[in-house]
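Trainee: Enclosed is the structure file final-v7.cif (mmCIF, C-alpha atoms).
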data_structure
loop_
_atom_site.label_atom_id
_atom_site.label_comp_id
_atom_site.auth_asym_id
_atom_site.auth_seq_id
_atom_site.Cartn_x
_atom_site.Cartn_y
_atom_site.Cartn_z
CA PRO T 247 317.76 36.18 50.10
CA LYS T 248 315.62 37.07 47.16
CA LEU T 249 313.48 40.18 47.62
CA PRO T 250 309.74 39.84 46.84
CA GLU T 251 308.68 41.38 43.60
CA ALA T 252 306.63 44.57 43.86
CA GLN T 253 302.98 44.15 42.98
CA GLU T 254 301.05 46.78 41.06
CA PRO T 255 298.14 48.32 43.05
CA ASN T 256 294.67 47.42 41.88
CA ASN T 257 291.97 49.92 40.86
CA GLN T 258 290.41 50.24 44.35
CA GLU T 259 293.74 50.98 45.96
CA MET T 260 294.52 53.61 43.33
CA LEU T 261 291.15 55.30 43.92
CA ALA T 262 291.70 55.40 47.68
CA LEU T 263 295.18 56.88 47.28
CA SER T 264 294.00 59.56 44.88
CA SER T 265 291.09 60.56 47.16
CA THR T 266 293.39 60.85 50.17
CA ALA T 267 295.86 62.94 48.23
CA ALA T 268 293.13 65.25 46.94
CA LEU T 269 291.77 65.89 50.43
CA SER T 270 295.26 66.51 51.81
CA PHE T 271 295.80 69.32 49.30
CA ALA T 272 292.26 70.72 49.63
CA GLY T 273 292.76 72.07 53.16
CA PRO T 274 290.32 71.98 56.08
CA GLY T 275 287.48 73.76 54.22
CA LEU T 276 286.79 70.98 51.74
CA ALA T 277 287.61 68.22 54.17
CA GLY T 278 284.86 69.45 56.51
CA VAL T 279 282.13 69.59 53.86
CA SER T 280 281.10 65.98 54.24
CA SER T 281 280.92 66.20 58.04
CA ARG T 282 278.84 69.38 57.90
CA ALA T 283 276.49 67.85 55.33
CA GLY T 284 276.04 64.80 57.51
CA GLY T 285 275.31 66.97 60.54
CA ALA T 286 272.74 69.03 58.64
CA ALA T 287 270.99 65.89 57.53
CA MET T 288 270.61 64.81 61.16
CA VAL T 289 268.82 68.02 62.29
CA ALA T 290 265.19 67.22 63.15
CA LYS T 291 262.47 69.11 61.33
CA SER T 292 259.50 70.81 62.92
CA LYS T 293 256.31 68.74 62.88
CA ALA T 294 254.20 71.88 62.45
CA ILE T 295 256.37 73.47 59.74
CA PRO T 296 258.33 70.64 58.06
CA PHE T 297 260.62 72.92 56.04
CA LEU T 298 262.00 74.56 59.22
CA ASP T 299 264.28 73.02 61.84
CA ALA T 300 262.60 71.90 65.04
CA PRO T 301 263.00 74.40 67.90
CA PRO T 302 265.46 72.85 70.38
CA ALA T 303 263.38 73.80 73.44
CA LEU T 304 260.23 72.13 72.09
CA ASP T 305 260.96 68.47 72.68
CA GLY T 306 257.34 67.26 72.83
CA THR T 307 257.24 66.74 76.59
CA MET T 308 254.81 69.59 77.33
CA ALA T 309 251.08 69.43 76.71
CA GLY T 310 250.15 71.15 73.46
CA ASP T 311 253.69 71.05 72.07
CA LYS T 312 253.23 70.92 68.30
CA GLY T 313 256.70 72.16 67.43
CA PHE T 314 255.33 75.49 66.18
CA ASP T 315 257.80 78.28 66.89
CA PRO T 316 258.85 79.83 63.56
CA LEU T 317 260.39 82.88 65.29
CA LEU T 318 262.33 80.66 67.74
CA LEU T 319 261.04 82.62 70.70
CA SER T 320 261.61 79.55 72.85
CA ASN T 321 265.35 80.11 72.41
CA VAL T 322 265.02 83.54 74.03
CA VAL T 323 262.15 83.21 76.52
CA PRO T 324 262.32 80.50 79.23
CA ILE T 325 259.88 77.81 78.17
CA GLN T 326 258.16 77.51 81.57
CA TRP T 327 257.69 81.28 81.77
CA ALA T 328 256.11 81.23 78.32
CA ARG T 329 253.82 78.36 79.35
CA GLU T 330 252.76 80.30 82.46
CA ALA T 331 251.82 83.31 80.33
CA GLU T 332 250.07 81.19 77.71
CA LEU T 333 247.98 79.25 80.20
CA LYS T 334 246.99 82.37 82.13
CA HIS T 335 245.73 84.14 79.03
CA ALA T 336 244.12 80.95 77.74
CA ARG T 337 242.12 80.52 80.94
CA ILE T 338 241.12 84.19 80.98
CA CYS T 339 239.90 84.02 77.38
CA MET T 340 237.90 80.84 77.97
CA LEU T 341 236.04 82.67 80.72
CA ALA T 342 235.85 85.86 78.67
CA VAL T 343 234.22 84.19 75.66
CA VAL T 344 231.49 82.71 77.84
CA GLY T 345 230.99 85.95 79.77
CA TRP T 346 230.90 88.20 76.70
CA VAL T 347 228.36 86.08 74.85
CA THR T 348 226.08 85.38 77.83
CA VAL T 349 225.80 89.10 78.65
CA ASP T 350 224.83 89.89 75.08
CA LEU T 351 222.26 87.09 75.24
CA GLY T 352 220.58 88.82 78.18
CA PHE T 353 222.27 87.48 81.30
CA THR T 354 222.97 90.16 83.91
CA VAL T 355 224.06 90.38 87.53
CA PRO T 356 222.91 92.82 90.23
CA TYR T 357 224.44 96.29 90.13
CA ALA T 358 225.95 95.67 86.70
CA PRO T 359 225.28 98.25 83.97
CA GLN T 360 222.49 97.14 81.63
CA VAL T 361 224.54 97.51 78.47
CA SER T 362 226.18 95.30 75.86
CA SER T 363 229.51 93.62 76.52
CA LEU T 364 231.20 96.05 74.14
CA ALA T 365 229.98 99.06 76.14
CA ALA T 366 230.37 97.45 79.56
CA HIS T 367 233.93 98.65 80.16
CA ASP T 368 233.20 102.34 79.68
CA ALA T 369 229.91 102.09 81.55
CA ALA T 370 231.58 100.37 84.50
CA VAL T 371 234.29 103.03 84.63
CA ASP T 372 231.73 105.86 84.49
CA LYS T 373 229.67 104.39 87.34
CA GLY T 374 232.69 103.48 89.46
CA VAL T 375 231.88 99.77 89.77
CA PHE T 376 234.91 98.81 87.72
CA LEU T 377 237.08 99.37 90.79
CA GLY T 378 235.36 96.41 92.44
CA LEU T 379 236.76 94.19 89.70
CA LEU T 380 240.15 95.86 89.37
CA ILE T 381 241.15 95.44 93.02
CA PRO T 382 240.60 91.64 93.23
CA ILE T 383 242.41 91.11 89.93
CA ALA T 384 245.35 93.21 91.13
CA LEU T 385 245.52 91.23 94.38
CA VAL T 386 245.58 87.92 92.50
CA GLU T 387 248.38 89.15 90.26
CA VAL T 388 250.48 90.50 93.15
CA LEU T 389 249.95 87.60 95.55
CA ALA T 390 249.94 84.70 93.09
CA GLY T 391 251.03 85.64 89.57
CA ILE T 392 254.26 87.53 90.33
CA PRO T 393 255.55 85.01 92.94
CA LYS T 394 254.86 82.19 90.48
CA CYS T 395 256.99 83.89 87.82
CA PHE T 396 259.86 84.35 90.29
CA GLN T 397 259.54 80.72 91.32
CA ILE T 398 259.73 79.52 87.72
CA MET T 399 262.72 81.72 86.92
CA ASN T 400 264.78 80.87 90.02
CA GLU T 401 263.87 77.38 91.25
CA PRO T 402 264.90 74.42 89.06
CA ASP T 403 262.40 72.09 90.75
CA ALA T 404 259.48 74.56 90.64
CA SER T 405 256.02 73.41 89.60
CA PRO T 406 255.29 73.80 85.87
CA GLY T 407 253.87 77.03 84.52
CA GLY T 408 250.16 77.34 85.24
CA ASP T 409 250.25 74.84 88.12
CA TYR T 410 248.82 76.59 91.20
CA LYS T 411 247.83 73.37 92.97
CA PHE T 412 244.19 74.36 92.54
CA ASP T 413 242.30 71.34 91.28
CA PRO T 414 239.43 70.59 93.68
CA LEU T 415 237.81 68.11 91.28
CA GLY T 416 241.07 66.30 90.53
CA ILE T 417 240.61 66.38 86.76
CA GLY T 418 243.71 68.31 85.69
CA ALA T 419 246.44 65.79 86.50
CA SER T 420 246.09 63.63 83.40
CA ALA T 421 248.01 64.41 80.21
CA GLU T 422 244.77 64.21 78.23
CA MET T 423 243.08 66.97 80.25
CA GLN T 424 246.17 69.16 80.09
CA GLU T 425 246.18 68.79 76.31
CA LYS T 426 242.49 69.68 76.13
CA GLU T 427 242.97 72.73 78.34
CA ILE T 428 245.75 74.27 76.28
CA SER T 429 244.05 73.41 72.97
CA ASN T 430 240.72 74.96 73.97
CA GLY T 431 242.54 77.88 75.55
CA ARG T 432 244.36 78.67 72.31
CA LEU T 433 241.07 78.48 70.44
CA ALA T 434 239.47 80.81 73.01
CA MET T 435 242.25 83.40 72.58
CA LEU T 436 241.59 83.50 68.84
CA ALA T 437 237.81 83.41 69.35
CA PHE T 438 237.77 86.27 71.82
CA SER T 439 239.84 88.43 69.49
CA GLY T 440 237.39 87.72 66.70
CA ILE T 441 234.31 88.34 68.86
CA VAL T 442 235.55 91.71 70.12
CA THR T 443 236.57 92.79 66.62
CA GLN T 444 233.22 91.81 65.12
CA ALA T 445 231.28 93.42 67.96
CA ALA T 446 233.16 96.69 67.43
CA LEU T 447 232.70 96.61 63.66
CA THR T 448 229.02 95.69 63.57
CA GLN T 449 227.91 97.35 66.84
CA GLY T 450 225.37 94.56 67.02
CA PRO T 451 224.49 91.73 69.42
CA PHE T 452 225.34 88.06 69.14
CA PRO T 453 226.30 86.58 66.64
CA TYR T 454 228.05 89.89 65.87
CA THR T 455 227.27 90.08 62.16
CA TYR T 456 225.65 92.85 60.16
CA ASN T 457 222.49 90.84 59.40
CA GLY T 458 222.31 88.48 62.33
CA VAL T 459 222.10 84.74 61.75
CA GLU T 460 221.51 85.29 58.02
CA ASP T 461 225.21 86.02 57.55
CA LEU T 462 226.14 82.72 59.20
CA VAL T 463 223.60 80.62 57.28
CA PRO T 464 223.43 81.99 53.70
CA PRO T 465 220.44 79.81 52.64
CA MET T 466 218.31 81.65 55.19
CA GLN T 467 218.61 84.80 53.09
CA SER T 468 216.98 83.05 50.15
CA VAL T 469 214.25 81.61 52.34
CA GLN T 470 213.43 84.98 53.90
CA GLY T 471 213.54 86.61 50.49
CA ALA T 472 211.01 84.11 49.15
CA LEU T 473 208.76 84.60 52.17
CA SER T 474 208.83 88.37 51.71
CA ILE T 475 207.67 87.97 48.13
CA LEU T 476 204.74 85.80 49.21
#
Could you express the structure from this file as structure tokens?
Mentor:
Amino acid sequence: PKLPEAQEPNNQEMLALSSTAALSFAGPGLAGVSSRAGGAAMVAKSKAIPFLDAPPALDGTMAGDKGFDPLLLSNVVPIQWAREAELKHARICMLAVVGWVTVDLGFTVPYAPQVSSLAAHDAAVDKGVFLGLLIPIALVEVLAGIPKCFQIMNEPDASPGGDYKFDPLGIGASAEMQEKEISNGRLAMLAFSGIVTQAALTQGPFPYTYNGVEDLVPPMQSVQGALSIL
């Protein structure tokens, strides 16, 4: 029988053969470049900081999750433990902002020292009434805060961080209200830091500026200057 004549490979076949041969001599380092590049392209980016990779623990399921974790603390600290700490301090600061400002606006309670919010701590310690606040806070921490942390760390089906089943008005179950709570709580933490800093620097009452409301509304300085001339 007559053997079939050999056919010359076309250009596409030649290119495929040369590419395969090149990769076979390049070793595993070069051969894995394309797979690594493809994998890097698939890594999601943070919504808050687009030039950084998205933190793996922040998957958007928790209220207030904006993907902001540039130090990747969520890879080290259990996410529910961090949420417990964040919510506790957020709630404290929301109360603290209201309490600090209302005292400096003149609101007082019986047996409380008649001083500014900035001086209240030292005055309460000197008069001994601070112990009446310290003991209840310590009891809450020991009886509720510490057990909650142990529950979060050891029970897979534990309630989320910050959930103490205390919602007499039934307004905290919705995702919208949870988002509002954490957003306002974060704002309150920043606000309280600013209020205390300004109060210490200016040694003045609300709004904790050197010249009162004039520093917040610059046009008022011009108006008062014109009135003083008249």
Trainee: In terms of the shortest atom-to-atom distance over all atoms listed in the file, which of T:Ala331, T:Ala300, T:Leu462, T:Leu317 is closest to Lys394 in chain T?
Mentor: T:Ala331
Trainee: Have a look at T:Ser405, T:Gln397, T:Asn430, T:Thr455 and name the one nearest to Thr443 in chain T; count all atoms listed in the file.
Mentor: T:Thr455
Trainee: In terms of the shortest atom-to-atom distance over only C-alpha atoms, which of T:Pro359, T:Gly408, T:Gly416, T:Pro302 is closest to Asn321 in chain T?
Mentor: T:Pro302
Trainee: For Asp413 in chain T, list every protein, DNA or RNA residue within 12 Å, evaluated using only C-alpha atoms, and leave out those in the same chain fewer than 6 positions away; present the list as a short mmCIF file (atom, residue, chain, number, x, y, z; two decimals) with C-alpha atoms, keeping the file's coordinate frame.
Mentor:
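Listing of result05.cif after writing:
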data_model
loop_
_atom_site.label_atom_id
_atom_site.label_comp_id
_atom_site.auth_asym_id
_atom_site.auth_seq_id
_atom_site.Cartn_x
_atom_site.Cartn_y
_atom_site.Cartn_z
CA ALA T 419 246.44 65.79 86.50
CA SER T 420 246.09 63.63 83.40
CA MET T 423 243.08 66.97 80.25
#
Trainee: Write out as a PyMOL selection string each polymer residue whose atoms come within 8 Å of range 339-351 of chain T, counting only C-alpha atoms; drop sequence neighbours fewer than 4 positions from it.
Mentor: chain T and resi 335+362-363+430-431+434-435+437-438+441+451-452
Trainee: Contacts of Ala421 in chain T at 12 Å or less, counting all atoms listed in the file, minus same-chain residues fewer than 2 places along, as a PyMOL selection string?
Mentor: chain T and resi 307-311+417-419+423-428
Trainee: Could you tell me which residues the PyMOL selection byres ((chain T and resi 324) around 12) returns for this structure, as a compact mmCIF listing (two decimals) with C-alpha atoms, in the coordinates of the input?
Mentor:
# COMPACT_ATOMS: atom_id res chain seq x y z
CA ALA T 303 263.38 73.80 73.44
CA LEU T 304 260.23 72.13 72.09
CA LEU T 318 262.33 80.66 67.74
CA LEU T 319 261.04 82.62 70.70
CA SER T 320 261.61 79.55 72.85
CA ASN T 321 265.35 80.11 72.41
CA VAL T 322 265.02 83.54 74.03
CA VAL T 323 262.15 83.21 76.52
CA ILE T 325 259.88 77.81 78.17
CA GLN T 326 258.16 77.51 81.57
CA TRP T 327 257.69 81.28 81.77
CA ALA T 328 256.11 81.23 78.32
CA ARG T 329 253.82 78.36 79.35
CA GLU T 330 252.76 80.30 82.46
CA ALA T 331 251.82 83.31 80.33
CA CYS T 395 256.99 83.89 87.82
CA PHE T 396 259.86 84.35 90.29
CA ILE T 398 259.73 79.52 87.72
CA MET T 399 262.72 81.72 86.92
CA ASN T 400 264.78 80.87 90.02
CA PRO T 402 264.90 74.42 89.06
CA PRO T 406 255.29 73.80 85.87
CA GLY T 407 253.87 77.03 84.52
Trainee: I'd like the interatomic distance between CA of Thr354 in chain T and CA of Val459 in chain T, to a tenth of an Å.
Mentor: 22.8 Å
Trainee: Produce range 383-396 of chain T of the given structure as output with N, CA, C and O atoms, as a PDB file, in the first residue's frame.
Mentor:
ATOM      1  N   ILE T 383     -20.962  50.381  87.049  1.00  0.00           N
ATOM      2  CA  ILE T 383     -20.281  50.094  85.787  1.00  0.00           C
ATOM      3  C   ILE T 383     -19.478  48.801  85.892  1.00  0.00           C
ATOM      4  O   ILE T 383     -19.486  47.956  84.982  1.00  0.00           O
ATOM      5  N   ALA T 384     -18.788  48.626  87.017  1.00  0.00           N
ATOM      6  CA  ALA T 384     -18.005  47.403  87.217  1.00  0.00           C
ATOM      7  C   ALA T 384     -18.899  46.166  87.238  1.00  0.00           C
ATOM      8  O   ALA T 384     -18.558  45.120  86.672  1.00  0.00           O
ATOM      9  N   LEU T 385     -20.066  46.288  87.872  1.00  0.00           N
ATOM     10  CA  LEU T 385     -20.987  45.154  87.921  1.00  0.00           C
ATOM     11  C   LEU T 385     -21.497  44.794  86.529  1.00  0.00           C
ATOM     12  O   LEU T 385     -21.610  43.601  86.179  1.00  0.00           O
ATOM     13  N   VAL T 386     -21.803  45.799  85.725  1.00  0.00           N
ATOM     14  CA  VAL T 386     -22.267  45.533  84.354  1.00  0.00           C
ATOM     15  C   VAL T 386     -21.182  44.828  83.552  1.00  0.00           C
ATOM     16  O   VAL T 386     -21.449  43.870  82.798  1.00  0.00           O
ATOM     17  N   GLU T 387     -19.949  45.274  83.694  1.00  0.00           N
ATOM     18  CA  GLU T 387     -18.850  44.662  82.956  1.00  0.00           C
ATOM     19  C   GLU T 387     -18.642  43.211  83.384  1.00  0.00           C
ATOM     20  O   GLU T 387     -18.440  42.327  82.554  1.00  0.00           O
ATOM     21  N   VAL T 388     -18.669  42.961  84.692  1.00  0.00           N
ATOM     22  CA  VAL T 388     -18.386  41.617  85.206  1.00  0.00           C
ATOM     23  C   VAL T 388     -19.532  40.658  84.897  1.00  0.00           C
ATOM     24  O   VAL T 388     -19.303  39.496  84.519  1.00  0.00           O
ATOM     25  N   LEU T 389     -20.770  41.126  85.045  1.00  0.00           N
ATOM     26  CA  LEU T 389     -21.920  40.235  84.901  1.00  0.00           C
ATOM     27  C   LEU T 389     -22.424  40.114  83.468  1.00  0.00           C
ATOM     28  O   LEU T 389     -23.096  39.121  83.137  1.00  0.00           O
ATOM     29  N   ALA T 390     -22.123  41.094  82.620  1.00  0.00           N
ATOM     30  CA  ALA T 390     -22.640  41.059  81.258  1.00  0.00           C
ATOM     31  C   ALA T 390     -21.530  41.111  80.205  1.00  0.00           C
ATOM     32  O   ALA T 390     -21.515  40.295  79.270  1.00  0.00           O
ATOM     33  N   GLY T 391     -20.615  42.048  80.335  1.00  0.00           N
ATOM     34  CA  GLY T 391     -19.602  42.235  79.295  1.00  0.00           C
ATOM     35  C   GLY T 391     -18.648  41.066  79.155  1.00  0.00           C
ATOM     36  O   GLY T 391     -18.446  40.538  78.041  1.00  0.00           O
ATOM     37  N   ILE T 392     -18.066  40.616  80.266  1.00  0.00           N
ATOM     38  CA  ILE T 392     -17.092  39.512  80.208  1.00  0.00           C
ATOM     39  C   ILE T 392     -17.753  38.202  79.759  1.00  0.00           C
ATOM     40  O   ILE T 392     -17.219  37.504  78.882  1.00  0.00           O
ATOM     41  N   PRO T 393     -18.909  37.809  80.310  1.00  0.00           N
ATOM     42  CA  PRO T 393     -19.561  36.589  79.795  1.00  0.00           C
ATOM     43  C   PRO T 393     -19.891  36.671  78.307  1.00  0.00           C
ATOM     44  O   PRO T 393     -19.800  35.659  77.605  1.00  0.00           O
ATOM     45  N   LYS T 394     -20.251  37.857  77.829  1.00  0.00           N
ATOM     46  CA  LYS T 394     -20.561  37.988  76.405  1.00  0.00           C
ATOM     47  C   LYS T 394     -19.320  37.724  75.556  1.00  0.00           C
ATOM     48  O   LYS T 394     -19.405  37.062  74.517  1.00  0.00           O
ATOM     49  N   CYS T 395     -18.181  38.208  75.994  1.00  0.00           N
ATOM     50  CA  CYS T 395     -16.935  37.977  75.250  1.00  0.00           C
ATOM     51  C   CYS T 395     -16.594  36.492  75.217  1.00  0.00           C
ATOM     52  O   CYS T 395     -16.208  35.953  74.170  1.00  0.00           O
ATOM     53  N   PHE T 396     -16.745  35.803  76.352  1.00  0.00           N
ATOM     54  CA  PHE T 396     -16.486  34.368  76.382  1.00  0.00           C
ATOM     55  C   PHE T 396     -17.464  33.613  75.487  1.00  0.00           C
ATOM     56  O   PHE T 396     -17.098  32.635  74.824  1.00  0.00           O
TER      57      PHE T 396
END
